[in-house]
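Structure first, then comments.
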Amino acid sequence: MSVRLGLDARLYYGPANSGAPTELTNVKDVTLNLEKAEADVTTRANNGWRATVGTLKDASIEFQMVWDTEDSGFAAIRQAFLNDTPLDFRVLSGPSDDPEAEGLLATCAVFSFTRNEALEEAITVDVTIKPTYAQNPPSWVNGGP
């Protein structure tokens, strides 16, 4: 069994259709939410049992960044939010050159860019991104050369 720690995972970004080549290092906790909608396909043949099949998949990526206007990743995400510009993101369980690393690659829109100003902490921003209409649909990818 190969256990992976969250601190070894990686988040990458880049312009739309770039494959997200640049590591985003100014991030704290990252959450990749994957869900599937469902449709009821129950018939009388199911002997009184409900039958369900999966339909469309849904994804969102949530993370926190330190408010650092000199950080290029922070600036790119802020601009993507303010200008409604999509970016590519890869959420991998390890470095991009690790063939065992895996995760989601998708062109995303930034839907939430919430600034937090805790009294005794650095200013941070909570970011939520979701796949958007793009040339390439979301895909599950592996790292490696």
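Going through the structure tokens in order, the chains are called A, B, and so on, while each chain numbers its residues from 1 and the ligands are numbered from 1 in the order shown.
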
Item to check | Selection: 12 Å around Asn116 of chain A, only C-alpha atoms, excl. self and same-chain fewer than 2 positions, as a list in words | outcome: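 That gives Gln64, Met65, Val66, Trp67, Phe113, Thr114, Ala118, Leu119, Glu120, Glu121, Ala122, Ile123, Thr124, Val125, Asp126 and Val127 of chain A.
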
Next on the checklist: To test your reading of the structure, identify every residue in segment 33-132 of chain A that backbone DSSP assigns to strand (DSSP E), and report it as JSON, numbers by chain.
Outcome noted: {"A": [33, 34, 35, 36, 37, 38, 39, 40, 52, 53, 54, 55, 56, 57, 58, 59, 60, 61, 62, 63, 64, 65, 66, 87, 88, 89, 90, 91, 92, 102, 103, 104, 105, 106, 107, 108, 109, 110, 111, 112, 113, 114, 115, 116, 124, 125, 126, 127, 128, 129, 130, 131]}

Item to check | Atom-to-atom span, atom CA of Arg4 of chain A and atom CA of Gly103 of chain A, Å | outcome: 12.9 Å

Item to check | Pick from A:Val141, A:Ala76, A:Leu87, A:Leu104, whichever lies nearest to Asn26 of chain A using only C-alpha atoms | outcome: A:Ala76

Checklist entry - Which neighbours of segment 92-100 of chain A fall inside 8 Å, counting only C-alpha atoms, when residues of the same chain fewer than 4 positions from it are skipped, and could you give them as a VMD selection string? => result chain A and resid 4 6 8 to 11 104 142 to 145

Hey, can you spit out that residue selection with all heavy atoms as a tab-separated table (two decimals), in the first residue's frame?
chain	number	residue	atom	x	y	z
A	4	ARG	N	0.16	8.36	0.72
A	4	ARG	CA	0.65	9.66	0.29
A	4	ARG	C	0.20	10.70	1.29
A	4	ARG	O	-0.93	10.67	1.76
A	4	ARG	CB	0.13	9.99	-1.10
A	4	ARG	CG	0.67	9.03	-2.14
A	4	ARG	CD	0.68	9.68	-3.49
A	4	ARG	NE	1.34	8.81	-4.44
A	4	ARG	CZ	2.33	9.21	-5.19
A	4	ARG	NH1	2.78	10.44	-5.13
A	4	ARG	NH2	2.90	8.38	-6.05
A	6	GLY	N	-0.62	14.70	2.28
A	6	GLY	CA	-1.11	15.90	1.62
A	6	GLY	C	-0.02	16.89	1.29
A	6	GLY	O	-0.07	17.57	0.27
A	8	ASP	N	2.78	16.28	0.16
A	8	ASP	CA	3.49	15.86	-1.04
A	8	ASP	C	2.67	16.07	-2.32
A	8	ASP	O	3.20	15.93	-3.42
A	8	ASP	CB	3.90	14.39	-0.92
A	8	ASP	CG	4.88	14.17	0.21
A	8	ASP	OD1	5.70	15.07	0.46
A	8	ASP	OD2	4.83	13.10	0.85
A	9	ALA	N	1.38	16.36	-2.16
A	9	ALA	CA	0.52	16.58	-3.32
A	9	ALA	C	0.87	17.91	-3.97
A	9	ALA	O	1.55	18.76	-3.38
A	9	ALA	CB	-0.94	16.56	-2.89
A	10	ARG	N	0.44	18.09	-5.20
A	10	ARG	CA	0.78	19.30	-5.95
A	10	ARG	C	-0.45	19.84	-6.68
A	10	ARG	O	-1.31	19.10	-7.13
A	10	ARG	CB	1.85	19.02	-7.00
A	10	ARG	CG	3.16	18.46	-6.46
A	10	ARG	CD	3.95	19.53	-5.71
A	10	ARG	NE	5.29	19.10	-5.38
A	10	ARG	CZ	5.63	18.43	-4.29
A	10	ARG	NH1	4.71	18.10	-3.41
A	10	ARG	NH2	6.89	18.10	-4.05
A	11	LEU	N	-0.48	21.17	-6.81
A	11	LEU	CA	-1.49	21.86	-7.59
A	11	LEU	C	-0.77	22.68	-8.64
A	11	LEU	O	0.15	23.44	-8.33
A	11	LEU	CB	-2.33	22.77	-6.68
A	11	LEU	CG	-3.43	23.60	-7.33
A	11	LEU	CD1	-4.45	22.69	-8.02
A	11	LEU	CD2	-4.12	24.48	-6.29
A	104	LEU	N	-6.93	15.18	-11.29
A	104	LEU	CA	-7.79	15.81	-12.29
A	104	LEU	C	-7.04	16.91	-13.04
A	104	LEU	O	-6.32	17.70	-12.45
A	104	LEU	CB	-9.00	16.43	-11.58
A	104	LEU	CG	-10.04	17.08	-12.48
A	104	LEU	CD1	-10.80	16.02	-13.27
A	104	LEU	CD2	-11.01	17.92	-11.66
A	142	ASN	N	-2.26	10.99	-15.06
A	142	ASN	CA	-1.14	10.55	-14.25
A	142	ASN	C	0.04	11.47	-14.52
A	142	ASN	O	0.14	12.08	-15.58
A	142	ASN	CB	-0.74	9.11	-14.58
A	142	ASN	CG	-1.77	8.14	-14.07
A	142	ASN	OD1	-2.73	7.83	-14.75
A	142	ASN	ND2	-1.57	7.65	-12.86
A	143	GLY	N	0.97	11.53	-13.56
A	143	GLY	CA	2.19	12.26	-13.77
A	143	GLY	C	3.16	11.41	-14.58
A	143	GLY	O	2.79	10.39	-15.14
A	144	GLY	N	4.38	11.83	-14.62
A	144	GLY	CA	5.39	11.06	-15.35
A	144	GLY	C	5.97	11.85	-16.50
A	144	GLY	O	5.48	12.91	-16.86
A	145	PRO	N	7.02	11.31	-17.05
A	145	PRO	CA	7.69	12.03	-18.14
A	145	PRO	C	6.86	12.14	-19.39
A	145	PRO	O	5.94	11.45	-19.62
A	145	PRO	CB	8.95	11.18	-18.40
A	145	PRO	CG	8.76	9.91	-17.68
A	145	PRO	CD	7.65	10.10	-16.70

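All residues within segment 44-133 of chain A that the backbone DSSP calculation assigns to helix (DSSP H, G or I) are A:Arg44, A:Ala45, A:Asn46, A:Ser72, A:Gly73, A:Phe74, A:Ala75, A:Ala76, A:Ile77, A:Arg78, A:Gln79, A:Ala80, A:Phe81, A:Leu82, A:Asn83.
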
Next on the checklist: For a quick check of understanding, using only C-alpha atoms, which of A:Ile61, A:Val27, A:Cys108, A:Leu32 has the smallest distance to Thr128 of chain A?
Outcome noted: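 Selected residue with least distance to Thr128 of chain A: A:Ile61.
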
Next on the checklist: Env of Gly19 of chain A: 9 Å cut, atoms = only C-alpha atoms, seq-sep filter 5 positions within chain, self excluded. Answer as a list of chain:residue names.
Outcome noted: A:Tyr12, A:Tyr13, A:Gly14, A:Asp88, A:Phe89, A:Arg90, A:Leu105, A:Ala106, A:Thr107

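Distance-wise, atom CA of Leu24 of chain A and atom CA of Thr69 of chain A end up 14.0 Å apart.
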
Checklist entry - Can you tell me how far atom CA of Arg44 of chain A sits from atom CA of Leu56 of chain A, in Å to one decimal? => result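 Calculated distance between atom CA of Arg44 of chain A and atom CA of Leu56 of chain A is 25.1 Å.
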
Next on the checklist: Given only C-alpha atoms as the basis, pick out the residue of A:Pro137, A:Gln79, A:Asn17, A:Glu117 nearest to Lys57 of chain A.
Outcome noted: A:Pro137

Checklist entry - Which residue gives the smallest distance to Phe111 of chain A among A:Val91, A:Val53, A:Glu62, A:Gly73, with only C-alpha atoms counted? => result A:Glu62

Checklist entry - Taking into account only C-alpha atoms, which residue in the set A:Ser18, A:Ser112, A:Thr43, A:Thr52 is nearest to Phe81 of chain A? => result A:Ser112

Checklist entry - Pick from A:Val30, A:Gly54, A:Ser60, A:Thr22: nearest to Pro138 of chain A, with only C-alpha atoms counted? => result A:Ser60
